[in-house]
$ cat model-v7.cif   # mmCIF, N, CA and C atoms
data_final
loop_
_atom_site.label_atom_id
_atom_site.label_comp_id
_atom_site.auth_asym_id
_atom_site.auth_seq_id
_atom_site.Cartn_x
_atom_site.Cartn_y
_atom_site.Cartn_z
N MET A 1 -12.29 -40.46 87.10
CA MET A 1 -12.26 -41.21 85.86
C MET A 1 -11.70 -40.30 84.76
N LYS A 2 -10.79 -40.85 83.96
CA LYS A 2 -10.18 -40.06 82.89
C LYS A 2 -11.06 -40.04 81.65
N ASP A 3 -11.08 -38.90 81.00
CA ASP A 3 -11.75 -38.83 79.71
C ASP A 3 -10.78 -39.34 78.66
N HIS A 4 -11.27 -40.14 77.75
CA HIS A 4 -10.44 -40.66 76.68
C HIS A 4 -10.78 -39.95 75.38
N MET A 5 -9.75 -39.49 74.70
CA MET A 5 -9.96 -38.80 73.43
C MET A 5 -9.89 -39.81 72.30
N MET A 6 -10.85 -39.82 71.43
CA MET A 6 -10.88 -40.74 70.31
C MET A 6 -10.31 -40.04 69.08
N ILE A 7 -9.38 -40.69 68.43
CA ILE A 7 -8.83 -40.15 67.19
C ILE A 7 -9.59 -40.80 66.05
N SER A 8 -10.19 -39.99 65.24
CA SER A 8 -11.05 -40.50 64.18
C SER A 8 -10.34 -40.48 62.83
N PRO A 9 -10.51 -41.55 62.02
CA PRO A 9 -9.93 -41.54 60.69
C PRO A 9 -10.81 -40.82 59.67
N TYR A 10 -11.83 -40.15 60.14
CA TYR A 10 -12.74 -39.46 59.23
C TYR A 10 -12.32 -38.01 59.03
N VAL A 11 -12.81 -37.43 57.95
CA VAL A 11 -12.49 -36.06 57.58
C VAL A 11 -13.75 -35.21 57.73
N LEU A 12 -13.55 -33.99 58.23
CA LEU A 12 -14.67 -33.08 58.41
C LEU A 12 -14.98 -32.37 57.11
N ASN A 13 -16.21 -32.45 56.67
CA ASN A 13 -16.66 -31.74 55.49
C ASN A 13 -17.02 -30.32 55.94
N GLN A 14 -16.25 -29.34 55.47
CA GLN A 14 -16.43 -27.95 55.91
C GLN A 14 -17.77 -27.36 55.48
N GLU A 15 -18.32 -27.83 54.37
CA GLU A 15 -19.55 -27.23 53.85
C GLU A 15 -20.75 -27.51 54.73
N ASN A 16 -20.90 -28.77 55.18
CA ASN A 16 -22.09 -29.08 55.97
C ASN A 16 -21.73 -29.63 57.36
N ALA A 17 -20.50 -29.47 57.77
CA ALA A 17 -20.02 -29.89 59.10
C ALA A 17 -20.34 -31.35 59.41
N SER A 18 -20.21 -32.20 58.40
CA SER A 18 -20.43 -33.63 58.63
C SER A 18 -19.11 -34.37 58.46
N TRP A 19 -19.02 -35.52 59.06
CA TRP A 19 -17.82 -36.34 58.97
C TRP A 19 -18.02 -37.42 57.92
N TYR A 20 -16.95 -37.71 57.17
CA TYR A 20 -17.03 -38.78 56.17
C TYR A 20 -15.67 -39.45 56.04
N ALA A 21 -15.70 -40.67 55.56
CA ALA A 21 -14.45 -41.40 55.29
C ALA A 21 -14.14 -41.22 53.81
N PRO A 22 -13.01 -40.59 53.49
CA PRO A 22 -12.68 -40.33 52.09
C PRO A 22 -12.55 -41.59 51.24
N ARG A 23 -12.06 -42.65 51.81
CA ARG A 23 -11.93 -43.94 51.13
C ARG A 23 -12.34 -45.01 52.13
N PRO A 24 -12.81 -46.16 51.67
CA PRO A 24 -13.23 -47.21 52.61
C PRO A 24 -12.11 -47.61 53.57
N TRP A 25 -10.86 -47.64 53.12
CA TRP A 25 -9.78 -48.09 53.99
C TRP A 25 -9.36 -47.02 55.00
N ALA A 26 -9.90 -45.81 54.89
CA ALA A 26 -9.57 -44.76 55.85
C ALA A 26 -10.06 -45.11 57.25
N ARG A 27 -11.13 -45.92 57.32
CA ARG A 27 -11.65 -46.32 58.63
C ARG A 27 -10.64 -47.14 59.41
N PHE A 28 -9.67 -47.72 58.74
CA PHE A 28 -8.71 -48.57 59.41
C PHE A 28 -7.40 -47.85 59.70
N GLY A 29 -7.36 -46.55 59.54
CA GLY A 29 -6.20 -45.76 59.92
C GLY A 29 -5.13 -45.62 58.86
N TYR A 30 -5.42 -46.03 57.62
CA TYR A 30 -4.43 -45.88 56.55
C TYR A 30 -4.48 -44.47 55.99
N LEU A 31 -3.35 -43.96 55.62
CA LEU A 31 -3.31 -42.63 55.04
C LEU A 31 -3.96 -42.62 53.67
N THR A 32 -4.62 -41.56 53.36
CA THR A 32 -5.28 -41.42 52.07
C THR A 32 -4.76 -40.15 51.41
N GLU A 33 -5.09 -39.99 50.14
CA GLU A 33 -4.69 -38.77 49.44
C GLU A 33 -5.31 -37.56 50.12
N GLU A 34 -6.56 -37.70 50.56
CA GLU A 34 -7.24 -36.58 51.20
C GLU A 34 -6.56 -36.21 52.52
N ALA A 35 -5.96 -37.17 53.19
CA ALA A 35 -5.30 -36.89 54.46
C ALA A 35 -4.14 -35.93 54.25
N TYR A 36 -3.46 -36.07 53.14
CA TYR A 36 -2.37 -35.15 52.85
C TYR A 36 -2.88 -33.79 52.38
N LEU A 37 -4.04 -33.80 51.74
CA LEU A 37 -4.57 -32.57 51.17
C LEU A 37 -5.43 -31.78 52.15
N SER A 38 -6.00 -32.47 53.14
CA SER A 38 -6.93 -31.82 54.05
C SER A 38 -6.31 -31.63 55.43
N PRO A 39 -6.15 -30.41 55.88
CA PRO A 39 -5.59 -30.20 57.22
C PRO A 39 -6.54 -30.64 58.32
N GLN A 40 -7.81 -30.89 58.00
CA GLN A 40 -8.79 -31.29 59.00
C GLN A 40 -8.81 -32.80 59.24
N SER A 41 -8.03 -33.55 58.52
CA SER A 41 -8.11 -35.01 58.65
C SER A 41 -7.47 -35.46 59.96
N PHE A 42 -7.96 -36.57 60.44
CA PHE A 42 -7.45 -37.15 61.67
C PHE A 42 -6.88 -38.54 61.43
N VAL A 43 -6.49 -38.82 60.22
CA VAL A 43 -5.93 -40.12 59.90
C VAL A 43 -4.52 -40.17 60.48
N MET A 44 -4.25 -41.18 61.27
CA MET A 44 -2.96 -41.27 61.96
C MET A 44 -1.90 -41.88 61.07
N GLU A 45 -0.72 -41.35 61.15
CA GLU A 45 0.44 -41.86 60.43
C GLU A 45 1.24 -42.73 61.41
N PRO A 46 1.76 -43.88 60.97
CA PRO A 46 2.54 -44.71 61.89
C PRO A 46 3.73 -43.93 62.44
N ALA A 47 4.04 -44.17 63.71
CA ALA A 47 5.13 -43.45 64.36
C ALA A 47 6.47 -44.15 64.16
N TYR A 48 6.46 -45.36 63.58
CA TYR A 48 7.72 -46.08 63.42
C TYR A 48 8.22 -45.98 61.99
N THR A 49 9.53 -46.13 61.85
CA THR A 49 10.19 -45.98 60.56
C THR A 49 10.60 -47.35 60.02
N ASP A 50 11.20 -47.34 58.84
CA ASP A 50 11.73 -48.58 58.26
C ASP A 50 12.84 -49.16 59.14
N THR A 51 13.58 -48.29 59.80
CA THR A 51 14.63 -48.75 60.70
C THR A 51 14.04 -49.51 61.88
N HIS A 52 12.93 -49.01 62.43
CA HIS A 52 12.25 -49.71 63.52
C HIS A 52 11.78 -51.08 63.06
N THR A 53 11.20 -51.13 61.87
CA THR A 53 10.70 -52.40 61.34
C THR A 53 11.84 -53.38 61.12
N ARG A 54 12.94 -52.92 60.57
CA ARG A 54 14.09 -53.79 60.31
C ARG A 54 14.69 -54.30 61.61
N LEU A 55 14.83 -53.42 62.58
CA LEU A 55 15.37 -53.81 63.88
C LEU A 55 14.47 -54.86 64.54
N ALA A 56 13.17 -54.67 64.48
CA ALA A 56 12.23 -55.63 65.05
C ALA A 56 12.32 -56.98 64.35
N ARG A 57 12.49 -56.96 63.04
CA ARG A 57 12.61 -58.22 62.27
C ARG A 57 13.87 -58.98 62.67
N LEU A 58 14.97 -58.26 62.83
CA LEU A 58 16.21 -58.90 63.27
C LEU A 58 16.08 -59.42 64.70
N ALA A 59 15.43 -58.65 65.56
CA ALA A 59 15.23 -59.08 66.95
C ALA A 59 14.38 -60.34 67.01
N LYS A 60 13.37 -60.43 66.15
CA LYS A 60 12.52 -61.62 66.11
C LYS A 60 13.35 -62.84 65.72
N ALA A 61 14.26 -62.65 64.78
CA ALA A 61 15.11 -63.76 64.35
C ALA A 61 16.02 -64.23 65.47
N LEU A 62 16.38 -63.34 66.38
CA LEU A 62 17.27 -63.68 67.50
C LEU A 62 16.51 -64.07 68.76
N ALA A 63 15.19 -64.17 68.66
CA ALA A 63 14.35 -64.37 69.84
C ALA A 63 14.24 -65.82 70.31
N HIS A 64 15.06 -66.70 69.82
CA HIS A 64 15.04 -68.09 70.29
C HIS A 64 16.47 -68.54 70.53
N PRO A 65 16.73 -69.20 71.67
CA PRO A 65 18.10 -69.59 71.98
C PRO A 65 18.73 -70.51 70.93
N ALA A 66 17.93 -71.34 70.28
CA ALA A 66 18.48 -72.22 69.24
C ALA A 66 19.01 -71.40 68.07
N ARG A 67 18.31 -70.33 67.72
CA ARG A 67 18.77 -69.49 66.61
C ARG A 67 20.05 -68.75 66.96
N VAL A 68 20.14 -68.28 68.20
CA VAL A 68 21.36 -67.61 68.65
C VAL A 68 22.52 -68.60 68.59
N TRP A 69 22.27 -69.83 69.06
CA TRP A 69 23.32 -70.86 69.03
C TRP A 69 23.73 -71.16 67.59
N ILE A 70 22.74 -71.29 66.70
CA ILE A 70 23.04 -71.57 65.28
C ILE A 70 23.91 -70.47 64.69
N LEU A 71 23.59 -69.22 64.99
CA LEU A 71 24.39 -68.10 64.48
C LEU A 71 25.82 -68.16 65.01
N GLN A 72 25.97 -68.46 66.30
CA GLN A 72 27.32 -68.57 66.86
C GLN A 72 28.08 -69.72 66.21
N PHE A 73 27.39 -70.83 65.98
CA PHE A 73 28.02 -71.99 65.35
C PHE A 73 28.45 -71.66 63.92
N LEU A 74 27.55 -71.03 63.17
CA LEU A 74 27.87 -70.68 61.77
C LEU A 74 28.99 -69.64 61.70
N ASP A 75 29.10 -68.81 62.72
CA ASP A 75 30.18 -67.82 62.75
C ASP A 75 31.54 -68.48 62.93
N GLN A 76 31.57 -69.65 63.58
CA GLN A 76 32.83 -70.35 63.83
C GLN A 76 33.26 -71.25 62.68
N VAL A 77 32.31 -71.68 61.87
CA VAL A 77 32.63 -72.55 60.74
C VAL A 77 32.40 -71.79 59.45
N ASP A 78 32.91 -72.32 58.38
CA ASP A 78 32.76 -71.65 57.08
C ASP A 78 31.36 -71.80 56.53
N GLY A 79 30.65 -72.82 56.96
CA GLY A 79 29.30 -73.10 56.51
C GLY A 79 28.97 -74.54 56.82
N CYS A 80 27.70 -74.86 56.84
CA CYS A 80 27.32 -76.25 57.10
C CYS A 80 25.94 -76.52 56.53
N ILE A 81 25.58 -77.80 56.51
CA ILE A 81 24.26 -78.22 56.04
C ILE A 81 23.39 -78.54 57.25
N VAL A 82 22.11 -78.73 57.02
CA VAL A 82 21.16 -79.00 58.10
C VAL A 82 21.59 -80.23 58.90
N GLY A 83 22.02 -81.26 58.20
CA GLY A 83 22.41 -82.50 58.87
C GLY A 83 23.52 -82.29 59.89
N ASP A 84 24.46 -81.39 59.59
CA ASP A 84 25.54 -81.09 60.54
C ASP A 84 24.98 -80.47 61.82
N LEU A 85 24.01 -79.58 61.67
CA LEU A 85 23.40 -78.93 62.83
C LEU A 85 22.56 -79.91 63.65
N VAL A 86 21.87 -80.82 62.96
CA VAL A 86 21.04 -81.81 63.65
C VAL A 86 21.91 -82.71 64.53
N LYS A 87 23.13 -82.99 64.09
CA LYS A 87 24.03 -83.85 64.86
C LYS A 87 24.47 -83.20 66.17
N VAL A 88 24.55 -81.90 66.21
CA VAL A 88 25.06 -81.22 67.41
C VAL A 88 23.98 -80.52 68.24
N LEU A 89 22.79 -80.38 67.69
CA LEU A 89 21.69 -79.76 68.43
C LEU A 89 20.70 -80.82 68.89
N PRO A 90 20.10 -80.65 70.07
CA PRO A 90 19.10 -81.62 70.54
C PRO A 90 17.71 -81.33 69.97
N LEU A 91 17.66 -81.09 68.66
CA LEU A 91 16.40 -80.77 67.99
C LEU A 91 16.22 -81.67 66.78
N SER A 92 14.97 -81.85 66.37
CA SER A 92 14.71 -82.64 65.17
C SER A 92 15.13 -81.87 63.93
N GLN A 93 15.24 -82.58 62.83
CA GLN A 93 15.63 -81.92 61.59
C GLN A 93 14.60 -80.88 61.17
N SER A 94 13.32 -81.18 61.39
CA SER A 94 12.29 -80.21 60.99
C SER A 94 12.38 -78.93 61.84
N SER A 95 12.69 -79.06 63.13
CA SER A 95 12.84 -77.87 63.99
C SER A 95 14.04 -77.05 63.56
N VAL A 96 15.16 -77.73 63.28
CA VAL A 96 16.36 -77.01 62.83
C VAL A 96 16.06 -76.30 61.52
N SER A 97 15.36 -76.97 60.62
CA SER A 97 15.01 -76.35 59.33
C SER A 97 14.13 -75.12 59.51
N GLN A 98 13.19 -75.18 60.47
CA GLN A 98 12.33 -74.02 60.73
C GLN A 98 13.14 -72.85 61.29
N HIS A 99 14.09 -73.14 62.17
CA HIS A 99 14.94 -72.08 62.72
C HIS A 99 15.82 -71.48 61.62
N LEU A 100 16.34 -72.32 60.75
CA LEU A 100 17.15 -71.82 59.63
C LEU A 100 16.31 -70.96 58.70
N ALA A 101 15.07 -71.37 58.47
CA ALA A 101 14.17 -70.59 57.60
C ALA A 101 13.91 -69.21 58.19
N GLU A 102 13.73 -69.13 59.51
CA GLU A 102 13.50 -67.84 60.16
C GLU A 102 14.74 -66.95 60.05
N LEU A 103 15.91 -67.54 60.26
CA LEU A 103 17.16 -66.77 60.14
C LEU A 103 17.39 -66.32 58.71
N LYS A 104 17.05 -67.20 57.77
CA LYS A 104 17.23 -66.85 56.35
C LYS A 104 16.25 -65.75 55.94
N ALA A 105 15.01 -65.82 56.44
CA ALA A 105 14.00 -64.79 56.11
C ALA A 105 14.43 -63.42 56.62
N SER A 106 15.15 -63.38 57.74
CA SER A 106 15.62 -62.10 58.27
C SER A 106 16.85 -61.61 57.53
N GLY A 107 17.50 -62.51 56.78
CA GLY A 107 18.68 -62.13 56.03
C GLY A 107 19.98 -62.36 56.79
N LEU A 108 19.89 -62.87 58.03
CA LEU A 108 21.10 -63.07 58.82
C LEU A 108 21.97 -64.22 58.29
N ILE A 109 21.34 -65.19 57.63
CA ILE A 109 22.12 -66.27 57.01
C ILE A 109 21.70 -66.38 55.56
N GLN A 110 22.52 -67.05 54.79
CA GLN A 110 22.19 -67.30 53.39
C GLN A 110 22.49 -68.76 53.11
N GLY A 111 21.80 -69.29 52.12
CA GLY A 111 21.98 -70.69 51.76
C GLY A 111 22.43 -70.82 50.33
N ASP A 112 23.49 -71.60 50.13
CA ASP A 112 23.97 -71.92 48.79
C ASP A 112 23.45 -73.30 48.44
N ILE A 113 22.69 -73.39 47.36
CA ILE A 113 22.09 -74.66 46.99
C ILE A 113 23.10 -75.52 46.26
N ASP A 114 23.33 -76.71 46.82
CA ASP A 114 24.20 -77.72 46.22
C ASP A 114 23.39 -79.01 46.26
N PRO A 115 22.51 -79.22 45.24
CA PRO A 115 21.54 -80.32 45.30
C PRO A 115 22.18 -81.63 45.74
N PRO A 116 21.54 -82.36 46.62
CA PRO A 116 20.21 -82.12 47.23
C PRO A 116 20.30 -81.34 48.53
N ARG A 117 21.40 -80.72 48.83
CA ARG A 117 21.59 -80.03 50.11
C ARG A 117 21.67 -78.51 49.93
N VAL A 118 21.48 -77.85 51.06
CA VAL A 118 21.68 -76.40 51.11
C VAL A 118 22.74 -76.13 52.16
N ARG A 119 23.77 -75.42 51.77
CA ARG A 119 24.87 -75.08 52.69
C ARG A 119 24.61 -73.68 53.22
N TYR A 120 24.49 -73.57 54.54
CA TYR A 120 24.17 -72.29 55.17
C TYR A 120 25.42 -71.63 55.74
N CYS A 121 25.45 -70.29 55.66
CA CYS A 121 26.53 -69.52 56.25
C CYS A 121 26.00 -68.14 56.64
N ILE A 122 26.78 -67.44 57.45
CA ILE A 122 26.40 -66.08 57.89
C ILE A 122 26.42 -65.14 56.70
N ASN A 123 25.40 -64.30 56.59
CA ASN A 123 25.39 -63.23 55.59
C ASN A 123 26.08 -62.03 56.23
N ARG A 124 27.34 -61.83 55.90
CA ARG A 124 28.18 -60.82 56.57
C ARG A 124 27.64 -59.41 56.42
N GLN A 125 27.03 -59.11 55.28
CA GLN A 125 26.49 -57.76 55.07
C GLN A 125 25.35 -57.49 56.05
N THR A 126 24.43 -58.44 56.17
CA THR A 126 23.31 -58.27 57.11
C THR A 126 23.80 -58.33 58.55
N TRP A 127 24.81 -59.14 58.81
CA TRP A 127 25.39 -59.24 60.14
C TRP A 127 25.92 -57.87 60.60
N GLU A 128 26.61 -57.17 59.70
CA GLU A 128 27.12 -55.84 60.03
C GLU A 128 25.98 -54.83 60.17
N GLU A 129 24.95 -54.98 59.35
CA GLU A 129 23.77 -54.10 59.48
C GLU A 129 23.13 -54.29 60.85
N ALA A 130 23.00 -55.55 61.28
CA ALA A 130 22.40 -55.84 62.59
C ALA A 130 23.27 -55.26 63.70
N ARG A 131 24.57 -55.41 63.58
CA ARG A 131 25.49 -54.88 64.59
C ARG A 131 25.32 -53.35 64.70
N THR A 132 25.20 -52.68 63.57
CA THR A 132 25.05 -51.23 63.55
C THR A 132 23.70 -50.82 64.14
N LEU A 133 22.62 -51.48 63.70
CA LEU A 133 21.28 -51.13 64.18
C LEU A 133 21.13 -51.37 65.68
N PHE A 134 21.57 -52.55 66.15
CA PHE A 134 21.45 -52.84 67.58
C PHE A 134 22.36 -51.94 68.40
N GLY A 135 23.55 -51.66 67.88
CA GLY A 135 24.47 -50.76 68.59
C GLY A 135 23.87 -49.38 68.76
N ALA A 136 23.28 -48.84 67.70
CA ALA A 136 22.66 -47.52 67.78
C ALA A 136 21.45 -47.55 68.71
N PHE A 137 20.67 -48.62 68.63
CA PHE A 137 19.48 -48.74 69.48
C PHE A 137 19.87 -48.82 70.96
N LEU A 138 20.87 -49.60 71.27
CA LEU A 138 21.27 -49.78 72.67
C LEU A 138 22.00 -48.56 73.24
N GLN A 139 22.47 -47.67 72.39
CA GLN A 139 23.11 -46.46 72.87
C GLN A 139 22.14 -45.30 73.03
N LEU A 140 20.85 -45.52 72.73
CA LEU A 140 19.87 -44.45 72.87
C LEU A 140 19.73 -43.99 74.31
N ALA A 141 19.78 -44.92 75.23
CA ALA A 141 19.63 -44.57 76.64
C ALA A 141 20.90 -44.96 77.38
N PRO A 142 21.29 -44.16 78.35
CA PRO A 142 22.48 -44.53 79.13
C PRO A 142 22.21 -45.77 79.94
N PRO A 143 23.26 -46.55 80.25
CA PRO A 143 23.03 -47.76 81.04
C PRO A 143 22.50 -47.42 82.43
N HIS A 144 21.66 -48.30 82.91
CA HIS A 144 21.06 -48.10 84.24
C HIS A 144 22.05 -48.55 85.30
N THR A 145 22.30 -47.68 86.25
CA THR A 145 23.17 -48.03 87.37
C THR A 145 22.34 -47.99 88.63
N PRO A 146 22.23 -49.12 89.31
CA PRO A 146 21.40 -49.14 90.52
C PRO A 146 22.00 -48.22 91.60
N GLN A 147 21.16 -47.50 92.25
CA GLN A 147 21.60 -46.60 93.31
C GLN A 147 21.56 -47.35 94.63
N GLU A 148 22.62 -47.18 95.40
CA GLU A 148 22.66 -47.84 96.70
C GLU A 148 21.94 -46.99 97.72
N ASP A 149 21.22 -47.67 98.59
CA ASP A 149 20.46 -46.95 99.64
C ASP A 149 21.31 -46.70 100.85
#
$ encode --input "model-v7.cif" --output "structure tokens"
Amino acid sequence: MKDHMMISPYVLNQENASWYAPRPWARFGYLTEEAYLSPQSFVMEPAYTDTHTRLARLAKALAHPARVWILQFLDQVDGCIVGDLVKVLPLSQSSVSQHLAELKASGLIQGDIDPPRVRYCINRQTWEEARTLFGAFLQLAPPHTPQED
């Protein structure tokens, strides 16, 4: 049986060798001022960066085949409204609107308001950012080549 090491968000008080939480939120693993000031602290710092978070957000936006299709469609046309997408997709207007909202929240598309409609198109700046981030991510490891037996 393996021994498991527990990482504690508490700080050791050198004077009386007792453990304490410098702030109430320290129990939940958030960094505190004392964590930076005290070399004895065991408060964990997240291992991921803003780039990891951004890449994950873009990946989430691409995680549904309807969204991938919508992006390909918008890339071929100058822009369109929800009604145009509903005519060509086998989805309800509310489903298409939810997919557009997810793509818009990630920044991959943008909407120009022309009351009462919103015209959607690819956000080229974010599109290039996604291309760069995914390209760098996919080049981290060499491609896997199956070995023949």
$ residues_around --input "model-v7.cif" --residues "region 118-132 of chain A" --least-positions-apart "3" --cutoff "5 Å" --atoms "all atoms listed in the file" --output "PyMOL selection string"
chain A and resi 79-81+108-114+135-136
$ select_by_dssp --input "model-v7.cif" --residues "region 31-140 of chain A" --states "helix (DSSP H, G or I)" --output "number ranges by chain"
A: 33-37, 50-61, 65-76, 82-88, 93-106, 124-138
$ atom_distance --input "model-v7.cif" --atom1 "atom C of Glu102 (chain A)" --atom2 "atom N of Ala61 (chain A)"
6.4 Å
$ atom_distance --input "model-v7.cif" --atom1 "CA of Phe137 (chain A)" --atom2 "CA of Thr49 (chain A)"
13.2 Å
$ atom_distance --input "model-v7.cif" --atom1 "CA of Val86 (chain A)" --atom2 "CA of Pro65 (chain A)"
15.1 Å
